[in-house]
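The structure under discussion appears below in the form of C-alpha cells.
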There are 4 protein chains.
Amino acid sequence: MQFPRDVVGMRRDLHRFPETAFLEYRTASVVAERLSDLGYTVKAGAEIMCMDDVRGIPSAGDVEAAKEAALQAGASPKWLDKMSDGQTAICGEMRRGDGPVLVLRFDMDALPVHESDAGEHRPANEGFASQCEGRMHACGHDGHTAIGLAVAERLARAEARWNGTLRFIFQPAEEGGRGAQPVVASGLLDDVDIFLASHLGCQLPSGQIALAADGFLWAEKWNVTFSGTAAHAAMCPEEGRNALLAASIAVPGLYALPRDGQSDTRINVGLLHAGRTRNVIADRAYLELELRASAQEGLQRLTEGARRTLEGAALSQGVHVEIDVYGTAISAHSDEGIMKRLEAAVQETHSGTVVRNWPIGGGDDATFMMQRVQDRGGQAGYCLIGADITAPHHASLFDFDETVLENAVNLLTAFVERSA
Amino acid sequence: MQFPRDVVGMRRDLHRFPETAFLEYRTASVVAERLSDLGYTVKAGAEIMCMDDVRGIPSAGDVEAAKEAALQAGASPKWLDKMSDGQTAICGEMRRGDGPVLVLRFDMDALPVHESDAGEHRPANEGFASQCEGRMHACGHDGHTAIGLAVAERLARAEARWNGTLRFIFQPAEEGGRGAQPVVASGLLDDVDIFLASHLGCQLPSGQIALAADGFLWAEKWNVTFSGTAAHAAMCPEEGRNALLAASIAVPGLYALPRDGQSDTRINVGLLHAGRTRNVIADRAYLELELRASAQEGLQRLTEGARRTLEGAALSQGVHVEIDVYGTAISAHSDEGIMKRLEAAVQETHSGTVVRNWPIGGGDDATFMMQRVQDRGGQAGYCLIGADITAPHHASLFDFDETVLENAVNLLTAFVERSA
Amino acid sequence: MQFPRDVVGMRRDLHRFPETAFLEYRTASVVAERLSDLGYTVKAGAEIMCMDDVRGIPSAGDVEAAKEAALQAGASPKWLDKMSDGQTAICGEMRRGDGPVLVLRFDMDALPVHESDAGEHRPANEGFASQCEGRMHACGHDGHTAIGLAVAERLARAEARWNGTLRFIFQPAEEGGRGAQPVVASGLLDDVDIFLASHLGCQLPSGQIALAADGFLWAEKWNVTFSGTAAHAAMCPEEGRNALLAASIAVPGLYALPRDGQSDTRINVGLLHAGRTRNVIADRAYLELELRASAQEGLQRLTEGARRTLEGAALSQGVHVEIDVYGTAISAHSDEGIMKRLEAAVQETHSGTVVRNWPIGGGDDATFMMQRVQDRGGQAGYCLIGADITAPHHASLFDFDETVLENAVNLLTAFVERSA
Amino acid sequence: MQFPRDVVGMRRDLHRFPETAFLEYRTASVVAERLSDLGYTVKAGAEIMCMDDVRGIPSAGDVEAAKEAALQAGASPKWLDKMSDGQTAICGEMRRGDGPVLVLRFDMDALPVHESDAGEHRPANEGFASQCEGRMHACGHDGHTAIGLAVAERLARAEARWNGTLRFIFQPAEEGGRGAQPVVASGLLDDVDIFLASHLGCQLPSGQIALAADGFLWAEKWNVTFSGTAAHAAMCPEEGRNALLAASIAVPGLYALPRDGQSDTRINVGLLHAGRTRNVIADRAYLELELRASAQEGLQRLTEGARRTLEGAALSQGVHVEIDVYGTAISAHSDEGIMKRLEAAVQETHSGTVVRNWPIGGGDDATFMMQRVQDRGGQAGYCLIGADITAPHHASLFDFDETVLENAVNLLTAFVERSA
C-alpha cells in the first residue's frame with residue numbers, strides 16, 4: 001500500500017480506517033512500517049504491553065476479524081503477527097549520544113460512532129469518511145497519529161538537533177482509558193526523563209497552544225448487571241422480578257446524584273441492554289457507566305451515591321445487582337520545566353498564542369504514564385493544541401481544522417530539539 | 001432421522017430443538033414428514049401463508065442459519081425448500097365423504113429463553129433439555145405439536161369414525177402473535193365449519209379441562225425508538241440530548257399507567273437497547289413493549305396513556321420519539337356448540353373434570369382464525385387442557401405434567417369423531 | 001333550625017354542610033334529633049363507639065372548630081355534648097315484639113374536595129352547593145343519610161308491618177375506612193340477625209338495583225415518612241440526604257408495581273408533602289397511600305412490593321423510611337337470604353330492574369360490620385342502588401340523579417317489612 | 001427590654017428570636033432602637049423599601065402574628081408601626097464632613113429550619129437556642145447583625161477617624177434573595193461611593209479573611225403548579241389525571257439535568273406539596289425549586305432543560321403545568337480598590353490571614369446593591385470572614401465560632417476608617 005507522507009494526507013488516510021480499542025491493527029501496522037522505514041527501532045505488541053488485569057480485551061473472534069480487515073486495508077502481515085490478542089501498541093526508538101530519554105506519546109484508537117454523511121461534513125464531502133460502518137475517528141486521534149509520524153520523520157533527519165534517546169509511543173485504547181496501563185506495566189516508561197503527551201481540540205480555538213491541560217478527572221468505569229426473574233408478562237407478571245425496570249429506575253437516579261460543592265463531577269450511562277422479548281418480564285439488564293470528579297474525594301462521594309442508587313433500584317424490584325469496576329482514571333499535573341520549554345518552542349516556531357492552562361474537559365490515560373515518569377524522577381507534561389472543531393468531540397459530525405497539523409508538527413519538533 | 005411415535009417421546013424430541021418465530025424449520029419439517037407418512041395431503045410455506053404486512057420476519061441470514069441447523073438436526077431438505085423466508089406453517093388435510101370441514105390448530109414455536117440446567121428441572125435431569133443455547137420451549141408448544149401429530153395418527157386410522165374434511169394446521173410464531181394472520185390471509189380458514197384450538201397449562205391443574213378459555217386480551221405491540229444527539233460525556237454533556245435517559249424515564253411511567261376500573265390491563269417493556277459506549281451521551285434507545293386490556297376501550301385508554309408517556313419522556317430530554325405499532329391482538333369467544341361437543345368428549349374419554357371457563361391469562365393469535373371462521377358462519381372454540389406446571393409459563397424452569405398428553409390426544413380425537 | 005322532611009330536601013340540606021371523618025357534628029346532631037323526634041331510642045358517641053386503636057382521630061382543635069361550626073349551622077348542643085373527640089356515630093333503635101334484630105347502616109361523612117362552581121353543576125346552579133370551603137359530599141353520603149332518615153320515618157309509622165328490634169346505624173368516617181370498626185368494637189353488632197348496608201351510584205345506572213355488591217377490595221392505608229439530612233442546596237448539596245427526591249423516586253415505582261394475574265389491584269399515593277424551603281435539601285417527606293387488591297394474597301404481594309419500593313428509594317438517597325400502617329379494609333360477601341328478600345322487595349315496590357352482582361369499585365368499611373354479624377351467625381348484605389352520576393365519585397363535579405332517592409326509601413322499607 | 005452591648009451577647013440574644021423573610025420585626029426594632037440610641041438617623045420600612053414587584057410578601061395574618069410575637073419579645077411599638085407589610089429594612093445614617101458616602105450592609109433574617117436540641121449543639125447546651133419552633137438562625141445572620149451593631153457603636157464614638165456619610169443597611173429576606181431589590185428600588189444606593197457586604201463562615205476557617213467572595217451564582221427561583229383531574233382511586237383511576245405523579249416524575253428529571261462543561265450548576269426542589277387525600281387521584285401539585293449556574297449562559301441552558309422536564313412530565317400525565325418565575329439572582333465582582341483597603345485593614349488589626357478569593361458557595365442578593373453602586377460609578381466589595389462551623393449552613397446543627405466576631409468588628413471598623 002501507499003501511505004501518504006504529508007501530515008494532512010496521513011490524517012485523511014487514517015480517518016478512512018477507524019479502529020476501536022485494542023483492534024487498531026491497520027493503524028498500528030502503518031505506524032510500525034513507517035517508523036521502521038525512517039530508521040527507528042520498532043517494538044510492538046507483547047514487548048511493550050503487559051495485558052495482565054486489563055479489562056475489556058476484545059474476543060478472539062473480534063481480533064481475527066480486525067486483523068483480516070487490516071490486511072484488506074493494506075496492513076503488513078509482518079507487523080500483524082507481532083500483535084496478538086489486542087496488543088496493538090507500537091514504540092519507535094532512536095538513539096543519538098547519551099542525552100536524556102525523551103518520550104512523545106500519541107493515541108491511535110477510534111470510537112464506535114456512526115460518521116455523518118451530511119454534505120456539510122468535510123470527510124463525507126471530500127471523500128475521506130469512515131469506510132467502517134459504525135466506527136469513526138470522532139476525537140482527532142487520526143490527527144494525533146499523523147502528527148506523531150510527521151514529527152518522527154523530521155527528527156529522523158540528519159540535520160535534526162537532538163541528543164539522547166528519542167522514543168515515540170503510539171498507544172491503543174485511549175478511549176475507555178485502558179491502553180496506557182499495559183504499556184506502563186511493561187516498564188517502557190521506567191527510564192524516561194522527559195515525557196510529553198498532547199491533544200487536539202478540546203474547545204481550544206485554532207492558533208492557541210495551552211502549555212498544560214488541567215481538569216483531568218478522577219474516574220471509575222462500571223459495568224453493572226441486574227439479575228431478576230422472568231415471567232409471562234400477561235399471565236403472571238407478579239411472579240417476575242423486573243431487571244429492566246430496576247435499571248430504568250436507576251438511570252435517572254444516577255444522573256440525579258448531587259452536584260458537589262467541592263468538586264466538579266460527571267456521570268454518564270452510555271449503554272443499557274435489557275430483556276429479550278416483549279412478553280416476558282426481563283430478567284437481566286446490563287449497563288455501562290462512567291463516574292468522574294475533579295478531586296479524589298468527590299469521586300468517592302459520587303461512587304458511594306451511585307452504589308446506593310443501584311442497590312436501591314435493585315431492592316425496589318427484588319432483583320440482584322452486581323457492580324464490576326471495569327476501569328479507573330487518575331488526574332495529573334504538568335511539570336513547570338516542560339511548560340517553559342514548550343513556551344519557548346511555541347515562540348520559536350510561531351505556532352500560536354500561548355495559553356497557560358486549559359481544561360481538557362475529559363480524561364486521557366496518558367496520566368498513568370505521566371505519574372510513572374514523575375514517580376521515577378522524570379518530568380512530564382500534557383499540552384493542548386488548539387483546533388477549531390465542527391461539532392463536539394465524539395459526535396458524528398466531529399471534524400477539526402486540519403491547518404493546525406503542520407504547526408503542531410513544528411511545535412513538537414522544536415520542543416524535542418530544546419529538550420534533548 | 002428417527003422421530004418417535006409416542007406422544008411423550010415426540011414432545012421430548014421437539015423439546016430438544018426449540019425454534020423461535022418464523023424459524024421453526026426443523027419442527028415444521030418433522031411435522032410435514034409425519035403427516036405425509038400418515039396419508040395427509042400436506043401444504044407448506046407460501047401455499048398457506050400470505051406474508052404481506054407481517055412484521056418481524058427474520059433476516060435472510062437468520063433464515064439460512066435456521067435451515068442449516070434444521071438440516072443438522074435431521075430435517076428433510078424436501079420440506080425446507082418449500083418454506084422460504086420464514087413461511088414455516090404446515091397444513092395436513094384428509095377427506096372422507098362430504099361432511100363438514102373441521103380444523104384443529106396447533107402451534108410450534110419456542111421462546112428466546114435460556115433453559116435452566118438445575119437438577120430439579122426434568123428436561124435437564126432426564127436429558128431432553130434444549131440443545132439450542134438461548135432458546136427454550138417454555139410455553140408447552142412442544143406438547144401441542146406432539147398432541148397434534150398423535151391425534152393426526154389416530155384419525156388417519158381406518159377405524160376412526162369421522163366424515164368430512166379434516167385439516168390440521170401447525171402454525172408458526174404464536175408467541176408475539178404474528179403467525180396466525182398470514183395463514184388467515186391465505187384463505188385457509190375461509191371454508192371451515194368447525195375450528196378448535198387448545199392450550200396446555202395456563203394455571204389449570206392436571207385432570208381438568210376448561211371447555212372455553214376466556215380472558216383473551218386486546219393488545220398492541222409497539223417498537224419505540226428515541227433519537228437524540230451524541231456528545232462527549234465529560235467535555236460537554238450539556239450538548240447531548242440523551243435518548244437512553246429518555247427511555248429510562250419512560251419505562252417506569254409506562255408501568256405506572258393507571259389501573260383501569262373497567263378493564264383488566266397489562267403492560268410490559270420486554271426489551272431495551274440504548275447507547276453505544278460509556279463516554280458518549282447515548283443518541284439512540286430502542287424499546288419493545290406490549291399493552292393489553294380485557295376490553296377494547298381499556299386498550300385505547302392504555303395506548304393513549306402510553307403515547308403521552310413516551311412523548312413526555314422525549315420532550316423532557318429534547319429528543320425525538322417514533323412509535324411503530326408492530327402488531328395487534330384481538331379477543332374471541334367460543335361457540336356453545338363446540339363446548340357441548342367438547343363436554344361430551346371429555347365424559348366419553350374420562351379425560352378429566354369439566355370446568356366451563358378458565359382465563360387463558362394471556363393471548364393466542366388463534367383468535368384471528370376464530371374470528372374468520374365465525375365471520376364466515378362457522379363455529380370456533382378454544383379449550384384449555386389442565387396440566388400441572390413447575391414454573392410460570394415463559395420461565396426458565398417451566399415444565400408441565402406429561403401424563404396429560406395422552407388424555408389430550410383421546411379428548412381431541414373424540415371431539416373430532418363427535419363433530420365430523 | 002328547620003330540617004326538611006322530604007328526602008330530596010334532606011339531601012340538599014346535608015349537601016350544604018359537608019363534614020369530614022369524625023367531624024360530622026352537625027350531620028349527626030340533625031340525625032339524632034330527627035330519630036329522637038320519631039320515637040327512636042337514640043344512642044350517640046362513646047355509648048356506641050370504642051375508639052381504642054382508631055387512627056387519624058382529629059385534633060382537639062379541629063373537633064372544637066367543627067362543633068362550633070355545627071352550632072352555627074343549627075346543631076343542637078344537647079347532642080354535641082354526647083359526642084366528644086370525634087365519636088360522631090348515632091344509633092336509633094325501636095322495638096316491636098320479639099322478632100329478629102335488624103340493622104340498616106348509613107354513612108354520613110364528606111370528603112376534602114373542593115366543590116365545583118361550574119354552571120353545569122346542579123348543586124351550584126340550584127343553590128345547594130357546599131358552604132364549607134374545601135369540603136364536599138362527593139360520594140353521595142348526603143343521599144344515604146337522607147334515605148336512612150326517610151326510611152326511619154316510614155317504619156316508625158303505626159301502620160308499618162314489622163316485628164322485632166329495628167336499629168338504624170349512622171356511622172362516621174366511611175371514607176378512609178375508620179368509622180365502622182369502633183362501632184363494631186362497642187358491641188353494637190353482636191346480637192344482630194339481619195344486616196343491610198347500601199350505596200348509591202357506583203356506575204350502576206338509575207333504575208337498576210344490584211342485590212349484592214361485589215369486588216370489595218382488601219386494602220391497607222399507609223402513612224410513610226422519609227427522613228434525611230438538610231444542607232445548603234448551593235454550597236454543599238453533597239452533604240444533604242434528600243428525602244423529597246427519595247419520595248419522588250418511590251412514587252412512580254409504587255404505581256409501577258406489577259399488575260397481578262390473580263387479583264385486581266389498586267394503588268394510589270393521594271398526598272405528598274416534602275421539604276420546607278427552596279435552598280435547603282429537603283430532610284423530610286411524608287406520603288399517604290392506599291394499596292388494594294381483590295384477594296388477600298394479591299394484597300400481600302402488593303404490600304411486599306410497595307415496602308421494597310419505599311425501602312429501595314430510601315436506600316438510593318441514604319435516607320430513612322418509616323412505614324405506618326394506618327388502616328386496613330377487608331372484603332365481604334352478601335348472604336343469599338338477604339338477596340332473596342331484596343329481590344322480592346324490588347319487585348313489590350317496582351323500584352327497578354334487578355342485577356345480581358355489581359362491582360362496588362372501591363371499598364366500604366361496612367364489611368367489618370358484615371363480618372361481625374356473619375361471625376355471630378347472622379345474615380348480612382350490601383346492595384347497590386343505581387343512580388346516574390355526572391362525574392366520577394370523589395370528583396368536584398360529582399352529583400347523582402335525585403329521582404332514585406324515593407325508590408330507595410320504598411325499597412329499604414319493603415325489605416325491612418319482609419325481613420322482620 | 002435590655003439588649004446586650006457586647007457582640008457575643010447580642011448574637012446570642014438575636015439567636016433566640018429567629019425571624020424569617022420580611023417578618024424580622026423584633027430584630028429590626030432592636031436594630032433601629034440601638035442605632036437611634038447611638039445617634040444615627042434611622043429610616044425604616046417604606047422610606048427605604050419599594051415593595052412593587054416583590055414576590056412572596058407574607059400574608060397580613062402572618063405579619064400581624066410576627067408583630068405580636070415581636071412585642072412579646074420586647075420590640076418597641078414605635079418601630080413596629082413604621083414597618084407595615086413586611087417592610088422590615090432599617091437604615092442608620094451619620095454624617096461627618098463631606099467625605100464619601102460609605103455603606104455597610106448586614107442581613108437579619110433566619111430560616112424555617114428546626115434547631116437541634118442535641119447536647120453537642122452549643123445554643124442548646126448553653127441556653128440560647130431558638131425559642132421559635134420551626135425557625136432558626138442557621139446561616140449566621142444573627143452574627144452579622146451583631147457585628148453591624150458593634151461596628152456602628154465603634155464608629156459613633158467621637159474618637160473614630162472618618163469623614164463623610166456613613167450608612168448602615170440592615171436588610172431583610174436575604175435568604176430567598178428578595179430583600180435587597182426593594183431597598184435598591186427605593187434609591188438608597190444611588191449616591192454611594194463605597195459599598196461593602198460580608199458573610200461569616202462559608203467553609204472559610206477561623207482566622208482567615210477572604211478579600212473577595214467569588215462564585216456568586218446566577219439563579220432563578222421557580223414556583224411550579226401541576227393541575228390535573230381528581231377521581232376515585234379505586235373505582236375509576238383511569239379517569240384521573242395525576243398531578244402528584246407528574247410532579248414525582250419531574251423531580252428526578254430536574255436533578256438529572258446534565259452537568260455543564262462550561263458552567264458550574266445547582267438544582268434543588270426544596271418543597272413539594274401534592275394531593276389532598278388518600279383515595280383520590282391528586283389533581284394538584286406544587287413545587288418550589290431553584291436553578292443556579294456560575295455563568296449566565298449555563299443558567300439559560302439549565303432553565304431550558306428544566307422547562308422541558310416539567311412540560312414533559314405534565315404531558316406524560318395529561319396534566320397542565322404552570323411555571324412562575326418567582327425570583328432571580330445575579331453574580332457580582334469586588335472592586336480592586338475595596339480589596340486593597342480591606343487587606344490593609346486586616347493587617348492593621350491583625351484580624352487574620354488574607355486569602356484573596358474564596359467561593360461563597362451560594363448567593364447573596366447584596367449583588368443587586370453592588371451592581372447598582374458600580375453602575376453609578378461607585379466601588380463595591382463582598383468579603384468573607386472565616387469562622388469554623390459545626391455543620392453545613394442551613395443545617396439544624398449549624399453553629400459558628402463566636403471568637404471571630406470581635407475580629408470582624410475590628411476589621412470592618414478599620415476598613416471604614418481607611419475608606420472614609
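Letters A, B, ... mark the chains of the C-alpha cells in the order given; residue numbers begin at 1 per chain; ligand numbers begin at 1, in order shown.
Taking only C-alpha atoms, the non-local environment of B:Val224 within 8 Å (same-chain residues fewer than 5 positions away omitted) comprises Tyr286, Leu287, Glu288, Leu289, Val321, Glu322, Ile323 and Asp324 of chain B.
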Just to be explicit: take each residue in the selection above, keep C-alpha atoms, and write the result as a CSV table (one decimal), in the first residue's frame.
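Full text of again-v4.csv as output:
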chain,number,residue,atom,x,y,z
B,286,TYR,CA,-35.0,1.2,21.3
B,287,LEU,CA,-37.8,-0.4,23.3
B,288,GLU,CA,-40.2,-3.3,22.6
B,289,LEU,CA,-43.3,-3.2,24.6
B,321,VAL,CA,-39.6,9.5,19.6
B,322,GLU,CA,-41.1,7.3,17.0
B,323,ILE,CA,-43.7,4.7,17.8
B,324,ASP,CA,-44.1,1.8,15.4
Check: which chain D residues lie within 9 Å of chain A using only C-alpha atoms, as a PDB file with N, CA and C atoms, in the first residue's frame:
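Ended up saving to out-v2.pdb:
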ATOM      1  N   PRO D 252     -36.888  13.808  39.827  1.00  0.00           N
ATOM      2  CA  PRO D 252     -35.580  13.223  39.473  1.00  0.00           C
ATOM      3  C   PRO D 252     -35.078  13.754  38.136  1.00  0.00           C
ATOM      4  N   GLY D 253     -35.988  14.020  37.220  1.00  0.00           N
ATOM      5  CA  GLY D 253     -35.599  14.590  35.936  1.00  0.00           C
ATOM      6  C   GLY D 253     -34.904  15.936  36.088  1.00  0.00           C
ATOM      7  N   LEU D 254     -35.348  16.727  37.024  1.00  0.00           N
ATOM      8  CA  LEU D 254     -34.711  18.030  37.246  1.00  0.00           C
ATOM      9  C   LEU D 254     -33.303  17.853  37.794  1.00  0.00           C
ATOM     10  N   TYR D 255     -33.184  17.027  38.841  1.00  0.00           N
ATOM     11  CA  TYR D 255     -31.840  16.800  39.389  1.00  0.00           C
ATOM     12  C   TYR D 255     -30.931  16.173  38.334  1.00  0.00           C
ATOM     13  N   ALA D 256     -31.531  15.431  37.384  1.00  0.00           N
ATOM     14  CA  ALA D 256     -30.737  14.726  36.374  1.00  0.00           C
ATOM     15  C   ALA D 256     -30.383  15.591  35.174  1.00  0.00           C
ATOM     16  N   LEU D 257     -30.743  16.861  35.188  1.00  0.00           N
ATOM     17  CA  LEU D 257     -30.343  17.729  34.074  1.00  0.00           C
ATOM     18  C   LEU D 257     -28.836  17.687  33.928  1.00  0.00           C
ATOM     19  N   PRO D 258     -28.342  17.732  32.690  1.00  0.00           N
ATOM     20  CA  PRO D 258     -26.913  17.486  32.501  1.00  0.00           C
ATOM     21  C   PRO D 258     -26.006  18.464  33.240  1.00  0.00           C
ATOM     22  N   ARG D 259     -24.950  17.931  33.843  1.00  0.00           N
ATOM     23  CA  ARG D 259     -23.851  18.766  34.259  1.00  0.00           C
ATOM     24  C   ARG D 259     -23.405  19.557  33.033  1.00  0.00           C
ATOM     25  N   ASP D 260     -22.796  20.712  33.240  1.00  0.00           N
ATOM     26  CA  ASP D 260     -22.487  21.607  32.140  1.00  0.00           C
ATOM     27  C   ASP D 260     -20.970  21.736  32.040  1.00  0.00           C
ATOM     28  N   GLY D 261     -20.434  21.496  30.847  1.00  0.00           N
ATOM     29  CA  GLY D 261     -18.987  21.548  30.674  1.00  0.00           C
ATOM     30  C   GLY D 261     -18.414  22.941  30.814  1.00  0.00           C
ATOM     31  N   ASP D 264     -20.614  25.828  36.304  1.00  0.00           N
ATOM     32  CA  ASP D 264     -20.963  25.072  37.491  1.00  0.00           C
ATOM     33  C   ASP D 264     -22.464  25.290  37.726  1.00  0.00           C
ATOM     34  N   THR D 265     -23.197  24.228  38.019  1.00  0.00           N
ATOM     35  CA  THR D 265     -24.650  24.370  38.150  1.00  0.00           C
ATOM     36  C   THR D 265     -25.152  23.794  39.470  1.00  0.00           C
ATOM     37  N   ARG D 266     -26.327  24.238  39.862  1.00  0.00           N
ATOM     38  CA  ARG D 266     -27.002  23.727  41.042  1.00  0.00           C
ATOM     39  C   ARG D 266     -28.496  23.649  40.750  1.00  0.00           C
ATOM     40  N   ILE D 267     -29.126  22.623  41.299  1.00  0.00           N
ATOM     41  CA  ILE D 267     -30.570  22.450  41.155  1.00  0.00           C
ATOM     42  C   ILE D 267     -31.097  21.987  42.500  1.00  0.00           C
ATOM     43  N   GLY D 361     -20.114  29.950  47.546  1.00  0.00           N
ATOM     44  CA  GLY D 361     -20.796  28.664  47.571  1.00  0.00           C
ATOM     45  C   GLY D 361     -22.302  28.784  47.501  1.00  0.00           C
TER      46      GLY D 361
END
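Every protein or nucleic acid residue with an atom no more than 10 Å from D:His333, counting only C-alpha atoms and leaving out same-chain residues fewer than 2 positions away, appears here: Ala212, Ala213, Asp214, Gly215, Phe216, Ser331, Asp335, Glu336, Thr367, Met370, Gln371, Gln374, Ala380, Gly381 and Tyr382 of chain D.
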Export of the given selection (N, CA, C and O atoms) as an mmCIF file, in the first residue's frame:
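Writing the result to out38.cif gives the following:
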data_model
loop_
_atom_site.group_PDB
_atom_site.id
_atom_site.type_symbol
_atom_site.label_atom_id
_atom_site.label_comp_id
_atom_site.auth_asym_id
_atom_site.auth_seq_id
_atom_site.Cartn_x
_atom_site.Cartn_y
_atom_site.Cartn_z
ATOM 1 N N ALA D 212 -12.281 38.890 48.732
ATOM 2 C CA ALA D 212 -13.432 38.911 47.822
ATOM 3 C C ALA D 212 -14.050 37.530 47.756
ATOM 4 O O ALA D 212 -13.344 36.529 47.614
ATOM 5 N N ALA D 213 -15.354 37.513 47.905
ATOM 6 C CA ALA D 213 -16.091 36.272 47.638
ATOM 7 C C ALA D 213 -16.253 36.169 46.138
ATOM 8 O O ALA D 213 -16.501 37.163 45.458
ATOM 9 N N ASP D 214 -16.062 34.977 45.625
ATOM 10 C CA ASP D 214 -16.460 34.813 44.226
ATOM 11 C C ASP D 214 -17.360 33.594 44.119
ATOM 12 O O ASP D 214 -17.811 33.032 45.120
ATOM 13 N N GLY D 215 -17.677 33.230 42.908
ATOM 14 C CA GLY D 215 -18.581 32.102 42.730
ATOM 15 C C GLY D 215 -20.034 32.438 43.011
ATOM 16 O O GLY D 215 -20.839 31.548 43.252
ATOM 17 N N PHE D 216 -20.364 33.731 42.991
ATOM 18 C CA PHE D 216 -21.794 34.056 43.071
ATOM 19 C C PHE D 216 -22.493 33.413 41.889
ATOM 20 O O PHE D 216 -21.997 33.464 40.754
ATOM 21 N N SER D 331 -24.816 37.618 39.489
ATOM 22 C CA SER D 331 -23.467 37.478 40.007
ATOM 23 C C SER D 331 -22.885 38.869 40.283
ATOM 24 O O SER D 331 -23.550 39.882 40.063
ATOM 25 N N ASP D 335 -14.536 45.188 43.628
ATOM 26 C CA ASP D 335 -13.560 46.114 43.040
ATOM 27 C C ASP D 335 -12.222 46.013 43.748
ATOM 28 O O ASP D 335 -12.141 45.804 44.973
ATOM 29 N N GLU D 336 -11.171 46.190 42.955
ATOM 30 C CA GLU D 336 -9.800 46.078 43.454
ATOM 31 C C GLU D 336 -9.514 47.079 44.587
ATOM 32 O O GLU D 336 -8.870 46.738 45.576
ATOM 33 N N THR D 367 -25.660 41.335 45.819
ATOM 34 C CA THR D 367 -25.159 41.567 44.457
ATOM 35 C C THR D 367 -25.987 42.627 43.734
ATOM 36 O O THR D 367 -25.468 43.358 42.908
ATOM 37 N N MET D 370 -24.578 45.807 44.956
ATOM 38 C CA MET D 370 -23.246 46.012 44.372
ATOM 39 C C MET D 370 -23.372 46.496 42.929
ATOM 40 O O MET D 370 -22.692 47.438 42.508
ATOM 41 N N GLN D 371 -24.260 45.862 42.185
ATOM 42 C CA GLN D 371 -24.451 46.222 40.788
ATOM 43 C C GLN D 371 -24.889 47.692 40.655
ATOM 44 O O GLN D 371 -24.351 48.454 39.841
ATOM 45 N N GLN D 374 -21.954 50.001 41.499
ATOM 46 C CA GLN D 374 -20.961 50.015 40.419
ATOM 47 C C GLN D 374 -21.519 50.694 39.165
ATOM 48 O O GLN D 374 -20.800 51.437 38.481
ATOM 49 N N ALA D 380 -17.642 48.576 44.919
ATOM 50 C CA ALA D 380 -18.354 47.645 45.788
ATOM 51 C C ALA D 380 -17.495 46.430 46.062
ATOM 52 O O ALA D 380 -16.668 46.037 45.236
ATOM 53 N N GLY D 381 -17.698 45.847 47.225
ATOM 54 C CA GLY D 381 -16.956 44.645 47.569
ATOM 55 C C GLY D 381 -17.772 43.717 48.448
ATOM 56 O O GLY D 381 -18.790 44.114 49.027
ATOM 57 N N TYR D 382 -17.327 42.467 48.496
ATOM 58 C CA TYR D 382 -18.016 41.464 49.321
ATOM 59 C C TYR D 382 -16.917 40.581 49.888
ATOM 60 O O TYR D 382 -16.239 39.878 49.149
#
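Pairwise distance (atom CA of D:Gln87, atom CA of D:Asp364) equals 18.7 Å.
Taking atom CA of A:Asp98 and atom CA of A:Ser419 as the two end points, the separation is 13.1 Å.
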Next item on the list: as a PyMOL selection string, list the residues of stretch 270-311 of chain C assigned to alpha helix (DSSP H) by DSSP on the backbone atoms of this structure.
Entry: chain C and resi 296-311
